[in-house]
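K.L.:
What follows is input.pdb, PDB, C-alpha atoms and all ligand atoms.
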```pdb
ATOM      1  CA  MET X  22     -54.611  94.542 -89.052  1.00  0.00           C
ATOM      2  CA  ARG X  23     -55.521  98.194 -89.367  1.00  0.00           C
ATOM      3  CA  ILE X  24     -53.154 100.452 -91.310  1.00  0.00           C
ATOM      4  CA  ILE X  25     -53.363 104.152 -90.599  1.00  0.00           C
ATOM      5  CA  GLN X  26     -51.406 106.220 -93.075  1.00  0.00           C
ATOM      6  CA  ALA X  27     -49.887 109.428 -91.784  1.00  0.00           C
ATOM      7  CA  GLY X  28     -48.478 112.199 -93.945  1.00  0.00           C
ATOM      8  CA  ASP X  29     -45.191 112.525 -92.121  1.00  0.00           C
ATOM      9  CA  TYR X  30     -43.455 111.880 -88.793  1.00  0.00           C
ATOM     10  CA  ASN X  31     -45.420 114.572 -86.924  1.00  0.00           C
ATOM     11  CA  ASP X  32     -48.717 113.289 -88.225  1.00  0.00           C
ATOM     12  CA  MET X  33     -47.717 109.713 -87.310  1.00  0.00           C
ATOM     13  CA  SER X  34     -46.819 110.884 -83.796  1.00  0.00           C
ATOM     14  CA  ARG X  35     -50.128 112.712 -83.338  1.00  0.00           C
ATOM     15  CA  LYS X  36     -52.176 109.749 -84.581  1.00  0.00           C
ATOM     16  CA  ALA X  37     -50.277 107.257 -82.407  1.00  0.00           C
ATOM     17  CA  ALA X  38     -50.588 109.516 -79.363  1.00  0.00           C
ATOM     18  CA  ALA X  39     -54.328 109.799 -79.993  1.00  0.00           C
ATOM     19  CA  ILE X  40     -54.642 105.999 -79.837  1.00  0.00           C
ATOM     20  CA  LEU X  41     -52.646 105.860 -76.592  1.00  0.00           C
ATOM     21  CA  ALA X  42     -54.706 108.731 -75.170  1.00  0.00           C
ATOM     22  CA  ALA X  43     -57.958 106.984 -76.120  1.00  0.00           C
ATOM     23  CA  GLN X  44     -56.765 103.878 -74.265  1.00  0.00           C
ATOM     24  CA  ILE X  45     -56.033 105.919 -71.117  1.00  0.00           C
ATOM     25  CA  THR X  46     -59.379 107.715 -71.372  1.00  0.00           C
ATOM     26  CA  LEU X  47     -61.354 104.507 -71.885  1.00  0.00           C
ATOM     27  CA  LYS X  48     -59.518 102.627 -69.115  1.00  0.00           C
ATOM     28  CA  PRO X  49     -57.782 105.030 -66.709  1.00  0.00           C
ATOM     29  CA  ASP X  50     -56.134 102.115 -64.841  1.00  0.00           C
ATOM     30  CA  CYS X  51     -54.816 100.498 -68.018  1.00  0.00           C
ATOM     31  CA  VAL X  52     -51.465  98.765 -68.455  1.00  0.00           C
ATOM     32  CA  LEU X  53     -49.378 100.239 -71.259  1.00  0.00           C
ATOM     33  CA  GLY X  54     -46.471  98.385 -72.807  1.00  0.00           C
ATOM     34  CA  LEU X  55     -43.975 101.047 -73.872  1.00  0.00           C
ATOM     35  CA  ALA X  56     -41.110 101.272 -76.337  1.00  0.00           C
ATOM     36  CA  THR X  57     -37.996 103.416 -76.653  1.00  0.00           C
ATOM     37  CA  GLY X  58     -35.970 104.317 -79.763  1.00  0.00           C
ATOM     38  CA  SER X  59     -36.377 107.386 -81.921  1.00  0.00           C
ATOM     39  CA  THR X  60     -39.785 106.587 -83.448  1.00  0.00           C
ATOM     40  CA  PRO X  61     -42.065 107.024 -80.390  1.00  0.00           C
ATOM     41  CA  VAL X  62     -40.429 110.257 -79.175  1.00  0.00           C
ATOM     42  CA  GLY X  63     -42.919 112.484 -81.034  1.00  0.00           C
ATOM     43  CA  ALA X  64     -45.893 110.532 -79.670  1.00  0.00           C
ATOM     44  CA  TYR X  65     -44.542 110.899 -76.110  1.00  0.00           C
ATOM     45  CA  GLU X  66     -44.176 114.658 -76.709  1.00  0.00           C
ATOM     46  CA  LYS X  67     -47.853 114.830 -77.701  1.00  0.00           C
ATOM     47  CA  LEU X  68     -48.923 112.862 -74.613  1.00  0.00           C
ATOM     48  CA  VAL X  69     -46.949 115.273 -72.409  1.00  0.00           C
ATOM     49  CA  GLU X  70     -48.604 118.217 -74.164  1.00  0.00           C
ATOM     50  CA  TRP X  71     -52.092 116.756 -73.611  1.00  0.00           C
ATOM     51  CA  TYR X  72     -51.279 116.001 -69.978  1.00  0.00           C
ATOM     52  CA  ARG X  73     -50.115 119.599 -69.471  1.00  0.00           C
ATOM     53  CA  ASN X  74     -53.270 121.076 -70.989  1.00  0.00           C
ATOM     54  CA  GLY X  75     -55.406 118.904 -68.733  1.00  0.00           C
ATOM     55  CA  SER X  76     -56.639 116.444 -71.357  1.00  0.00           C
ATOM     56  CA  LEU X  77     -54.916 113.374 -69.939  1.00  0.00           C
ATOM     57  CA  ASP X  78     -54.443 111.859 -66.496  1.00  0.00           C
ATOM     58  CA  PHE X  79     -51.801 109.172 -65.952  1.00  0.00           C
ATOM     59  CA  SER X  80     -52.428 108.722 -62.221  1.00  0.00           C
ATOM     60  CA  GLY X  81     -54.033 105.285 -62.649  1.00  0.00           C
ATOM     61  CA  VAL X  82     -51.821 104.052 -65.497  1.00  0.00           C
ATOM     62  CA  SER X  83     -49.227 101.297 -65.108  1.00  0.00           C
ATOM     63  CA  SER X  84     -46.478 100.704 -67.623  1.00  0.00           C
ATOM     64  CA  VAL X  85     -44.016  98.002 -68.524  1.00  0.00           C
ATOM     65  CA  ASN X  86     -41.244  98.613 -71.013  1.00  0.00           C
ATOM     66  CA  LEU X  87     -40.246  96.246 -73.747  1.00  0.00           C
ATOM     67  CA  ASP X  88     -36.549  96.028 -73.080  1.00  0.00           C
ATOM     68  CA  GLU X  89     -33.342  97.301 -71.516  1.00  0.00           C
ATOM     69  CA  TYR X  90     -29.646  96.970 -72.286  1.00  0.00           C
ATOM     70  CA  ARG X  91     -27.887  94.513 -70.027  1.00  0.00           C
ATOM     71  CA  GLY X  92     -25.122  95.891 -67.861  1.00  0.00           C
ATOM     72  CA  ILE X  93     -25.936  99.593 -67.849  1.00  0.00           C
ATOM     73  CA  GLY X  94     -27.482 101.403 -64.901  1.00  0.00           C
ATOM     74  CA  LYS X  95     -30.500 103.672 -64.522  1.00  0.00           C
ATOM     75  CA  GLU X  96     -28.334 106.789 -64.311  1.00  0.00           C
ATOM     76  CA  ASN X  97     -26.703 106.043 -67.681  1.00  0.00           C
ATOM     77  CA  PRO X  98     -28.270 108.412 -70.280  1.00  0.00           C
ATOM     78  CA  GLN X  99     -28.275 105.548 -72.821  1.00  0.00           C
ATOM     79  CA  SER X 100     -30.343 103.290 -70.606  1.00  0.00           C
ATOM     80  CA  TYR X 101     -33.964 102.814 -71.542  1.00  0.00           C
ATOM     81  CA  TYR X 102     -34.875 103.604 -67.927  1.00  0.00           C
ATOM     82  CA  TYR X 103     -33.287 107.043 -68.375  1.00  0.00           C
ATOM     83  CA  PHE X 104     -34.970 107.493 -71.774  1.00  0.00           C
ATOM     84  CA  MET X 105     -38.446 106.798 -70.372  1.00  0.00           C
ATOM     85  CA  HIS X 106     -37.967 109.232 -67.503  1.00  0.00           C
ATOM     86  CA  GLN X 107     -36.586 111.881 -69.835  1.00  0.00           C
ATOM     87  CA  HIS X 108     -39.322 111.613 -72.466  1.00  0.00           C
ATOM     88  CA  LEU X 109     -42.397 110.673 -70.460  1.00  0.00           C
ATOM     89  CA  PHE X 110     -42.370 109.547 -66.825  1.00  0.00           C
ATOM     90  CA  ASP X 111     -40.855 112.725 -65.338  1.00  0.00           C
ATOM     91  CA  LYS X 112     -43.218 114.928 -67.354  1.00  0.00           C
ATOM     92  CA  VAL X 113     -46.602 113.396 -66.539  1.00  0.00           C
ATOM     93  CA  ASN X 114     -48.339 112.265 -63.347  1.00  0.00           C
ATOM     94  CA  ILE X 115     -47.704 108.537 -63.745  1.00  0.00           C
ATOM     95  CA  ARG X 116     -46.738 107.082 -60.347  1.00  0.00           C
ATOM     96  CA  PRO X 117     -43.065 106.023 -60.424  1.00  0.00           C
ATOM     97  CA  GLU X 118     -43.978 102.804 -58.583  1.00  0.00           C
ATOM     98  CA  ASN X 119     -46.394 101.965 -61.405  1.00  0.00           C
ATOM     99  CA  THR X 120     -43.664 102.038 -64.062  1.00  0.00           C
ATOM    100  CA  ARG X 121     -41.225  99.236 -64.749  1.00  0.00           C
ATOM    101  CA  VAL X 122     -38.313  98.744 -67.106  1.00  0.00           C
ATOM    102  CA  PRO X 123     -36.254  95.521 -66.982  1.00  0.00           C
ATOM    103  CA  ASP X 124     -33.332  95.991 -64.584  1.00  0.00           C
ATOM    104  CA  GLY X 125     -30.224  95.931 -66.771  1.00  0.00           C
ATOM    105  CA  THR X 126     -27.963  95.797 -63.724  1.00  0.00           C
ATOM    106  CA  GLU X 127     -29.389  92.509 -62.413  1.00  0.00           C
ATOM    107  CA  PRO X 128     -26.625  90.027 -63.240  1.00  0.00           C
ATOM    108  CA  ASP X 129     -28.879  87.010 -62.830  1.00  0.00           C
ATOM    109  CA  ALA X 130     -30.645  87.059 -66.204  1.00  0.00           C
ATOM    110  CA  GLU X 131     -32.988  84.204 -65.424  1.00  0.00           C
ATOM    111  CA  LYS X 132     -34.095  85.792 -62.178  1.00  0.00           C
ATOM    112  CA  GLU X 133     -34.753  89.195 -63.767  1.00  0.00           C
ATOM    113  CA  CYS X 134     -36.625  87.770 -66.753  1.00  0.00           C
ATOM    114  CA  ARG X 135     -38.781  85.498 -64.605  1.00  0.00           C
ATOM    115  CA  ALA X 136     -39.611  88.383 -62.241  1.00  0.00           C
ATOM    116  CA  TYR X 137     -40.510  90.582 -65.214  1.00  0.00           C
ATOM    117  CA  GLU X 138     -42.943  88.029 -66.643  1.00  0.00           C
ATOM    118  CA  GLU X 139     -44.494  87.563 -63.201  1.00  0.00           C
ATOM    119  CA  HIS X 140     -44.884  91.306 -62.827  1.00  0.00           C
ATOM    120  CA  ILE X 141     -46.756  91.580 -66.151  1.00  0.00           C
ATOM    121  CA  ARG X 142     -48.979  88.680 -65.134  1.00  0.00           C
ATOM    122  CA  SER X 143     -49.663  90.278 -61.726  1.00  0.00           C
ATOM    123  CA  LEU X 144     -50.887  93.412 -63.523  1.00  0.00           C
ATOM    124  CA  GLY X 145     -53.390  91.323 -65.466  1.00  0.00           C
ATOM    125  CA  GLY X 146     -51.490  91.581 -68.751  1.00  0.00           C
ATOM    126  CA  ILE X 147     -50.877  94.460 -71.145  1.00  0.00           C
ATOM    127  CA  ASP X 148     -53.860  96.384 -72.528  1.00  0.00           C
ATOM    128  CA  LEU X 149     -51.974  98.216 -75.269  1.00  0.00           C
ATOM    129  CA  GLN X 150     -48.417  97.498 -76.378  1.00  0.00           C
ATOM    130  CA  LEU X 151     -46.557 100.176 -78.321  1.00  0.00           C
ATOM    131  CA  LEU X 152     -43.865  98.894 -80.703  1.00  0.00           C
ATOM    132  CA  GLY X 153     -41.259 100.362 -83.004  1.00  0.00           C
ATOM    133  CA  LEU X 154     -39.804  98.265 -85.825  1.00  0.00           C
ATOM    134  CA  GLY X 155     -36.111  97.523 -86.298  1.00  0.00           C
ATOM    135  CA  HIS X 156     -34.570  97.578 -89.783  1.00  0.00           C
ATOM    136  CA  ASN X 157     -34.029  93.830 -89.458  1.00  0.00           C
ATOM    137  CA  GLY X 158     -37.640  93.252 -88.398  1.00  0.00           C
ATOM    138  CA  HIS X 159     -36.979  93.068 -84.670  1.00  0.00           C
ATOM    139  CA  ILE X 160     -39.618  94.023 -82.123  1.00  0.00           C
ATOM    140  CA  GLY X 161     -38.367  94.696 -78.635  1.00  0.00           C
ATOM    141  CA  PHE X 162     -34.923  93.148 -78.952  1.00  0.00           C
ATOM    142  CA  ASN X 163     -36.245  89.930 -80.482  1.00  0.00           C
ATOM    143  CA  GLU X 164     -33.700  89.586 -83.240  1.00  0.00           C
ATOM    144  CA  PRO X 165     -34.102  87.439 -86.381  1.00  0.00           C
ATOM    145  CA  ALA X 166     -33.697  83.817 -85.250  1.00  0.00           C
ATOM    146  CA  ALA X 167     -34.601  80.228 -85.997  1.00  0.00           C
ATOM    147  CA  THR X 168     -37.566  80.263 -83.581  1.00  0.00           C
ATOM    148  CA  PHE X 169     -39.817  82.809 -81.890  1.00  0.00           C
ATOM    149  CA  ALA X 170     -38.792  83.424 -78.260  1.00  0.00           C
ATOM    150  CA  LYS X 171     -41.746  83.047 -75.924  1.00  0.00           C
ATOM    151  CA  VAL X 172     -41.018  84.969 -72.745  1.00  0.00           C
ATOM    152  CA  THR X 173     -38.770  87.719 -71.387  1.00  0.00           C
ATOM    153  CA  HIS X 174     -35.182  86.637 -71.925  1.00  0.00           C
ATOM    154  CA  CYS X 175     -31.603  87.796 -72.382  1.00  0.00           C
ATOM    155  CA  VAL X 176     -30.508  88.287 -76.012  1.00  0.00           C
ATOM    156  CA  ASP X 177     -27.280  88.844 -77.864  1.00  0.00           C
ATOM    157  CA  LEU X 178     -27.868  91.903 -80.014  1.00  0.00           C
ATOM    158  CA  ALA X 179     -27.496  91.460 -83.771  1.00  0.00           C
ATOM    159  CA  GLU X 180     -24.594  93.274 -85.456  1.00  0.00           C
ATOM    160  CA  SER X 181     -27.175  95.237 -87.478  1.00  0.00           C
ATOM    161  CA  THR X 182     -28.841  96.412 -84.246  1.00  0.00           C
ATOM    162  CA  ILE X 183     -25.511  97.474 -82.733  1.00  0.00           C
ATOM    163  CA  GLU X 184     -24.819  99.339 -85.970  1.00  0.00           C
ATOM    164  CA  ALA X 185     -28.278 100.999 -85.954  1.00  0.00           C
ATOM    165  CA  ASN X 186     -28.098 101.987 -82.275  1.00  0.00           C
ATOM    166  CA  LYS X 187     -24.518 103.264 -82.226  1.00  0.00           C
ATOM    167  CA  ARG X 188     -25.910 106.702 -83.114  1.00  0.00           C
ATOM    168  CA  PHE X 189     -26.959 107.036 -79.466  1.00  0.00           C
ATOM    169  CA  PHE X 190     -23.464 106.150 -78.146  1.00  0.00           C
ATOM    170  CA  ALA X 191     -20.000 107.659 -78.539  1.00  0.00           C
ATOM    171  CA  SER X 192     -19.005 104.667 -80.695  1.00  0.00           C
ATOM    172  CA  ALA X 193     -20.192 101.182 -81.707  1.00  0.00           C
ATOM    173  CA  ASP X 194     -17.803  99.720 -79.103  1.00  0.00           C
ATOM    174  CA  GLU X 195     -19.866 101.292 -76.341  1.00  0.00           C
ATOM    175  CA  VAL X 196     -23.161  99.718 -77.403  1.00  0.00           C
ATOM    176  CA  PRO X 197     -23.945  96.908 -74.942  1.00  0.00           C
ATOM    177  CA  ARG X 198     -23.864  93.474 -76.594  1.00  0.00           C
ATOM    178  CA  GLN X 199     -26.817  92.072 -74.667  1.00  0.00           C
ATOM    179  CA  ALA X 200     -30.271  93.132 -73.551  1.00  0.00           C
ATOM    180  CA  TYR X 201     -33.248  91.878 -71.596  1.00  0.00           C
ATOM    181  CA  THR X 202     -36.386  91.872 -73.719  1.00  0.00           C
ATOM    182  CA  MET X 203     -39.982  90.773 -73.539  1.00  0.00           C
ATOM    183  CA  GLY X 204     -40.409  87.671 -75.675  1.00  0.00           C
ATOM    184  CA  ILE X 205     -42.548  87.413 -78.783  1.00  0.00           C
ATOM    185  CA  GLY X 206     -45.048  85.465 -76.682  1.00  0.00           C
ATOM    186  CA  THR X 207     -45.154  88.254 -74.077  1.00  0.00           C
ATOM    187  CA  ILE X 208     -45.837  90.803 -76.824  1.00  0.00           C
ATOM    188  CA  MET X 209     -48.447  88.628 -78.538  1.00  0.00           C
ATOM    189  CA  HIS X 210     -50.356  88.308 -75.245  1.00  0.00           C
ATOM    190  CA  ALA X 211     -51.033  92.063 -75.212  1.00  0.00           C
ATOM    191  CA  LYS X 212     -54.708  92.723 -75.875  1.00  0.00           C
ATOM    192  CA  LYS X 213     -53.940  95.427 -78.441  1.00  0.00           C
ATOM    193  CA  ILE X 214     -50.771  96.335 -80.313  1.00  0.00           C
ATOM    194  CA  LEU X 215     -49.832  99.676 -81.828  1.00  0.00           C
ATOM    195  CA  VAL X 216     -46.830  99.748 -84.179  1.00  0.00           C
ATOM    196  CA  VAL X 217     -45.278 103.067 -85.193  1.00  0.00           C
ATOM    197  CA  VAL X 218     -42.965 103.347 -88.195  1.00  0.00           C
ATOM    198  CA  SER X 219     -41.551 106.313 -90.041  1.00  0.00           C
ATOM    199  CA  GLY X 220     -39.255 106.871 -92.994  1.00  0.00           C
ATOM    200  CA  GLU X 221     -38.273 105.481 -96.367  1.00  0.00           C
ATOM    201  CA  ASP X 222     -35.480 103.432 -94.752  1.00  0.00           C
ATOM    202  CA  LYS X 223     -38.138 101.252 -93.066  1.00  0.00           C
ATOM    203  CA  ALA X 224     -40.311 100.809 -96.208  1.00  0.00           C
ATOM    204  CA  GLU X 225     -38.815  97.471 -97.199  1.00  0.00           C
ATOM    205  CA  ILE X 226     -39.078  95.898 -93.751  1.00  0.00           C
ATOM    206  CA  VAL X 227     -42.661  97.177 -93.344  1.00  0.00           C
ATOM    207  CA  ALA X 228     -43.640  95.375 -96.571  1.00  0.00           C
ATOM    208  CA  LYS X 229     -41.816  92.193 -95.483  1.00  0.00           C
ATOM    209  CA  ALA X 230     -43.134  92.166 -91.925  1.00  0.00           C
ATOM    210  CA  PHE X 231     -46.765  92.908 -92.647  1.00  0.00           C
ATOM    211  CA  PHE X 232     -47.225  91.411 -96.118  1.00  0.00           C
ATOM    212  CA  GLY X 233     -44.511  88.741 -96.319  1.00  0.00           C
ATOM    213  CA  GLU X 234     -44.143  85.258 -94.911  1.00  0.00           C
ATOM    214  CA  VAL X 235     -44.595  84.801 -91.155  1.00  0.00           C
ATOM    215  CA  THR X 236     -41.146  83.691 -90.028  1.00  0.00           C
ATOM    216  CA  PRO X 237     -38.878  84.127 -86.995  1.00  0.00           C
ATOM    217  CA  GLU X 238     -36.312  85.488 -89.463  1.00  0.00           C
ATOM    218  CA  VAL X 239     -38.584  88.578 -89.536  1.00  0.00           C
ATOM    219  CA  PRO X 240     -39.793  88.663 -85.913  1.00  0.00           C
ATOM    220  CA  ALA X 241     -42.424  91.379 -86.503  1.00  0.00           C
ATOM    221  CA  SER X 242     -44.132  89.153 -89.094  1.00  0.00           C
ATOM    222  CA  ILE X 243     -45.772  87.271 -86.199  1.00  0.00           C
ATOM    223  CA  LEU X 244     -47.931  90.366 -85.666  1.00  0.00           C
ATOM    224  CA  GLN X 245     -49.949  89.256 -88.717  1.00  0.00           C
ATOM    225  CA  MET X 246     -51.341  86.555 -86.403  1.00  0.00           C
ATOM    226  CA  HIS X 247     -52.484  88.977 -83.673  1.00  0.00           C
ATOM    227  CA  GLN X 248     -56.160  89.862 -83.634  1.00  0.00           C
ATOM    228  CA  ASP X 249     -55.825  93.585 -82.829  1.00  0.00           C
ATOM    229  CA  VAL X 250     -52.851  95.301 -84.428  1.00  0.00           C
ATOM    230  CA  THR X 251     -52.815  98.901 -85.615  1.00  0.00           C
ATOM    231  CA  LEU X 252     -49.920 100.076 -87.749  1.00  0.00           C
ATOM    232  CA  VAL X 253     -49.496 103.847 -87.841  1.00  0.00           C
ATOM    233  CA  ALA X 254     -46.892 104.676 -90.452  1.00  0.00           C
ATOM    234  CA  ASP X 255     -46.044 107.634 -92.610  1.00  0.00           C
ATOM    235  CA  THR X 256     -46.308 107.670 -96.391  1.00  0.00           C
ATOM    236  CA  ALA X 257     -42.581 107.008 -96.818  1.00  0.00           C
ATOM    237  CA  ALA X 258     -42.654 103.912 -94.594  1.00  0.00           C
ATOM    238  CA  LEU X 259     -45.700 102.579 -96.474  1.00  0.00           C
ATOM    239  CA  SER X 260     -44.230 103.259 -99.927  1.00  0.00           C
ATOM    240  CA  ARG X 261     -43.410  99.591-100.677  1.00  0.00           C
ATOM    241  CA  ILE X 262     -46.523  97.830 -99.428  1.00  0.00           C
ATOM    242  CA  PRO X 263     -48.673  96.099-102.040  1.00  0.00           C
ATOM    243  CA  ARG X 264     -51.623  98.273-103.070  1.00  0.00           C
TER     244      ARG X 264
HETATM  245  C1  LIG T 301     -37.147  99.913 -78.347  1.00  0.00           C
HETATM  246  C2  LIG T 301     -37.193  98.673 -79.092  1.00  0.00           C
HETATM  247  C3  LIG T 301     -36.742  98.543 -80.500  1.00  0.00           C
HETATM  248  C4  LIG T 301     -37.032  99.754 -81.380  1.00  0.00           C
HETATM  249  C5  LIG T 301     -36.525  99.530 -82.806  1.00  0.00           C
HETATM  250  C6  LIG T 301     -36.758 100.740 -83.680  1.00  0.00           C
HETATM  251  O1  LIG T 301     -37.649  99.752 -77.039  1.00  0.00           O
HETATM  252  O2  LIG T 301     -37.592  97.717 -78.527  1.00  0.00           O
HETATM  253  O3  LIG T 301     -37.351  97.403 -81.056  1.00  0.00           O
HETATM  254  O4  LIG T 301     -38.418  99.994 -81.400  1.00  0.00           O
HETATM  255  O5  LIG T 301     -35.158  99.246 -82.762  1.00  0.00           O
HETATM  256  O6  LIG T 301     -35.985 101.791 -83.211  1.00  0.00           O
HETATM  257  P1  LIG T 301     -36.091 103.260 -83.814  1.00  0.00           P
HETATM  258  O7  LIG T 301     -37.459 103.742 -83.429  1.00  0.00           O
HETATM  259  O8  LIG T 301     -35.013 104.038 -83.135  1.00  0.00           O
HETATM  260  O9  LIG T 301     -35.931 103.132 -85.285  1.00  0.00           O
END
```
Kindly transcribe the structure held in the file into structure tokens.

P.N.:
Amino acid sequence: MRIIQAGDYNDMSRKAAAILAAQITLKPDCVLGLATGSTPVGAYEKLVEWYRNGSLDFSGVSSVNLDEYRGIGKENPQSYYYFMHQHLFDKVNIRPENTRVPDGTEPDAEKECRAYEEHIRSLGGIDLQLLGLGHNGHIGFNEPAATFAKVTHCVDLAESTIEANKRFFASADEVPRQAYTMGIGTIMHAKKILVVVSGEDKAEIVAKAFFGEVTPEVPASILQMHQDVTLVADTAALSRIPR
């Protein structure tokens, strides 16, 4: 695992965006696995800036997102579909038909999750998967559990996740209780993984996930077993790792 220390959130965003941009430059028809949440927003802003100044071309890029809340539609501002369009897809020249987010309105969970896995396979797999890190160690919406989930599946969100994500909703009651998420196996199949983390509040989970025991109770700890992981984190988020 490579650890790239950034001074602060802006520096983390610039460094992470540079890695994503390098991937697009090296392989213009690459498949990006994308994440939502507050952490990658700054990196997406940088990518938009570099697209606008002519440094980046998304016309050959395909993307698959990690996850989506179950039961909310594309037009809902809290949906991850909406988030991706707002922060990236509508601002660069990626082809809409080359982007995919799990369909939260598909009531048949098995059907949607199977179709999502097949779609990723049909693209030839993910070249670079971007990940944020939950306070409880989740990646995608793979919550702490007794085993690692292999493929895209429907999850019940942990209380701690509902609590953490309520900031985006009018109240905790409005946070959906379920989501569709890539599995740990889906994520681990990505050729390269880029994890972005910022802030003192994530310092403890960063130390646990990347230097602690590999256990499904800390889903991100499995990343220690991946052959090409880059962690870009700011000084605050790295403040508890062993030196
Ligand atoms: C988002 C996702 C989540 C977030 C994680 C961190 O698509 O899958 O795992 O990356 O909850 O969220 P933030 O960045 O808001 O702290």

K.L.:
Please provide as a PyMOL selection string all residues within 8 Å of region 110-114 of chain X, with the sequence filter that same-chain residues fewer than 2 positions apart are discarded (counting all atoms listed in the file).

P.N.:
chain X and resi 69+72-73+78-80+105-108+116-117

K.L.:
Compare X:Gln26, X:Thr57, X:Thr251, X:Ser84 by their minimum atom-to-atom distance to Ile115 (chain X), counting all atoms listed in the file, and give me the closest one.

P.N.:
X:Ser84

K.L.:
Considering only C-alpha atoms and all ligand atoms, can you say which of X:Ile25, X:Val122, X:Leu252, X:Leu47 comes closest to ligand LIG 301 (chain T)?

P.N.:
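That would be X:Val122, the residue with the smallest distance to ligand LIG 301 (chain T).
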
K.L.:
Name each residue within 9 Å of ligand LIG 301 (chain T), counting all atoms listed in the file, as a ChimeraX atom specification.

P.N.:
/X:55-62,86-89,101,151-164,182,185-186,202-203,216-219,223

K.L.:
For CA of Pro49 (chain X) and CA of Met22 (chain X), quote the distance in Å rounded to one decimal.

P.N.:
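Distance between the two atoms: 24.9 Å.
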
K.L.:
When you draw a straight line from CA of Ser100 (chain X) to CA of Glu225 (chain X), how long is it in Å?

P.N.:
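Distance reported for this atom pair: 28.5 Å.
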
K.L.:
Run the PyMOL selection byres (((chain X and resi 140) around 12) and not hetatm) mentally over the shown coordinates, then write out the matched residues as a PDB file with C-alpha atoms, in the frame of the given file, using the chain letters and numbers from the document.

P.N.:
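File produced: expr22.pdb:
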```pdb
ATOM      1  CA  VAL X  52     -51.465  98.765 -68.455  1.00  0.00           C
ATOM      2  CA  SER X  83     -49.227 101.297 -65.108  1.00  0.00           C
ATOM      3  CA  SER X  84     -46.478 100.704 -67.623  1.00  0.00           C
ATOM      4  CA  VAL X  85     -44.016  98.002 -68.524  1.00  0.00           C
ATOM      5  CA  ASN X  86     -41.244  98.613 -71.013  1.00  0.00           C
ATOM      6  CA  ASN X 119     -46.394 101.965 -61.405  1.00  0.00           C
ATOM      7  CA  THR X 120     -43.664 102.038 -64.062  1.00  0.00           C
ATOM      8  CA  ARG X 121     -41.225  99.236 -64.749  1.00  0.00           C
ATOM      9  CA  VAL X 122     -38.313  98.744 -67.106  1.00  0.00           C
ATOM     10  CA  PRO X 123     -36.254  95.521 -66.982  1.00  0.00           C
ATOM     11  CA  GLU X 133     -34.753  89.195 -63.767  1.00  0.00           C
ATOM     12  CA  CYS X 134     -36.625  87.770 -66.753  1.00  0.00           C
ATOM     13  CA  ARG X 135     -38.781  85.498 -64.605  1.00  0.00           C
ATOM     14  CA  ALA X 136     -39.611  88.383 -62.241  1.00  0.00           C
ATOM     15  CA  TYR X 137     -40.510  90.582 -65.214  1.00  0.00           C
ATOM     16  CA  GLU X 138     -42.943  88.029 -66.643  1.00  0.00           C
ATOM     17  CA  GLU X 139     -44.494  87.563 -63.201  1.00  0.00           C
ATOM     18  CA  ILE X 141     -46.756  91.580 -66.151  1.00  0.00           C
ATOM     19  CA  ARG X 142     -48.979  88.680 -65.134  1.00  0.00           C
ATOM     20  CA  SER X 143     -49.663  90.278 -61.726  1.00  0.00           C
ATOM     21  CA  LEU X 144     -50.887  93.412 -63.523  1.00  0.00           C
ATOM     22  CA  GLY X 145     -53.390  91.323 -65.466  1.00  0.00           C
ATOM     23  CA  GLY X 146     -51.490  91.581 -68.751  1.00  0.00           C
ATOM     24  CA  ILE X 147     -50.877  94.460 -71.145  1.00  0.00           C
ATOM     25  CA  THR X 173     -38.770  87.719 -71.387  1.00  0.00           C
ATOM     26  CA  MET X 203     -39.982  90.773 -73.539  1.00  0.00           C
ATOM     27  CA  THR X 207     -45.154  88.254 -74.077  1.00  0.00           C
TER      28      THR X 207
END
```

K.L.:
Interatomic distance between CA of Ser192 (chain X) and CA of Gly92 (chain X)?

P.N.:
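Spanning CA of Ser192 (chain X) to CA of Gly92 (chain X) is a straight-line distance of 16.7 Å.
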
K.L.:
Please enumerate the residues selected by the PyMOL selection byres (((chain X and resi 71) around 12) and not hetatm) when evaluated against the supplied file, formatted as a PyMOL selection string.

P.N.:
chain X and resi 35+38-39+41-43+45-46+64-70+72-79+109+112-114

K.L.:
Expanded to explicit residues, what is the PyMOL selection byres (((chain X and resi 183) around 9) and not hetatm) for this file, as an mmCIF file with C-alpha atoms, keeping the file's coordinate frame?

P.N.:
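Output file part24.cif is given in full below:
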```
data_model
loop_
_atom_site.group_PDB
_atom_site.id
_atom_site.type_symbol
_atom_site.label_atom_id
_atom_site.label_comp_id
_atom_site.auth_asym_id
_atom_site.auth_seq_id
_atom_site.Cartn_x
_atom_site.Cartn_y
_atom_site.Cartn_z
ATOM 1 C CA LEU X 178 -27.868 91.903 -80.014
ATOM 2 C CA ALA X 179 -27.496 91.460 -83.771
ATOM 3 C CA GLU X 180 -24.594 93.274 -85.456
ATOM 4 C CA SER X 181 -27.175 95.237 -87.478
ATOM 5 C CA THR X 182 -28.841 96.412 -84.246
ATOM 6 C CA GLU X 184 -24.819 99.339 -85.970
ATOM 7 C CA ALA X 185 -28.278 100.999 -85.954
ATOM 8 C CA ASN X 186 -28.098 101.987 -82.275
ATOM 9 C CA LYS X 187 -24.518 103.264 -82.226
ATOM 10 C CA ALA X 193 -20.192 101.182 -81.707
ATOM 11 C CA ASP X 194 -17.803 99.720 -79.103
ATOM 12 C CA VAL X 196 -23.161 99.718 -77.403
ATOM 13 C CA PRO X 197 -23.945 96.908 -74.942
ATOM 14 C CA ARG X 198 -23.864 93.474 -76.594
#
```

K.L.:
Between X:Asp255, X:Glu131, X:Glu195, X:Glu238, which has the minimum distance to Glu221 (chain X) (counting all atoms listed in the file)?

P.N.:
X:Asp255
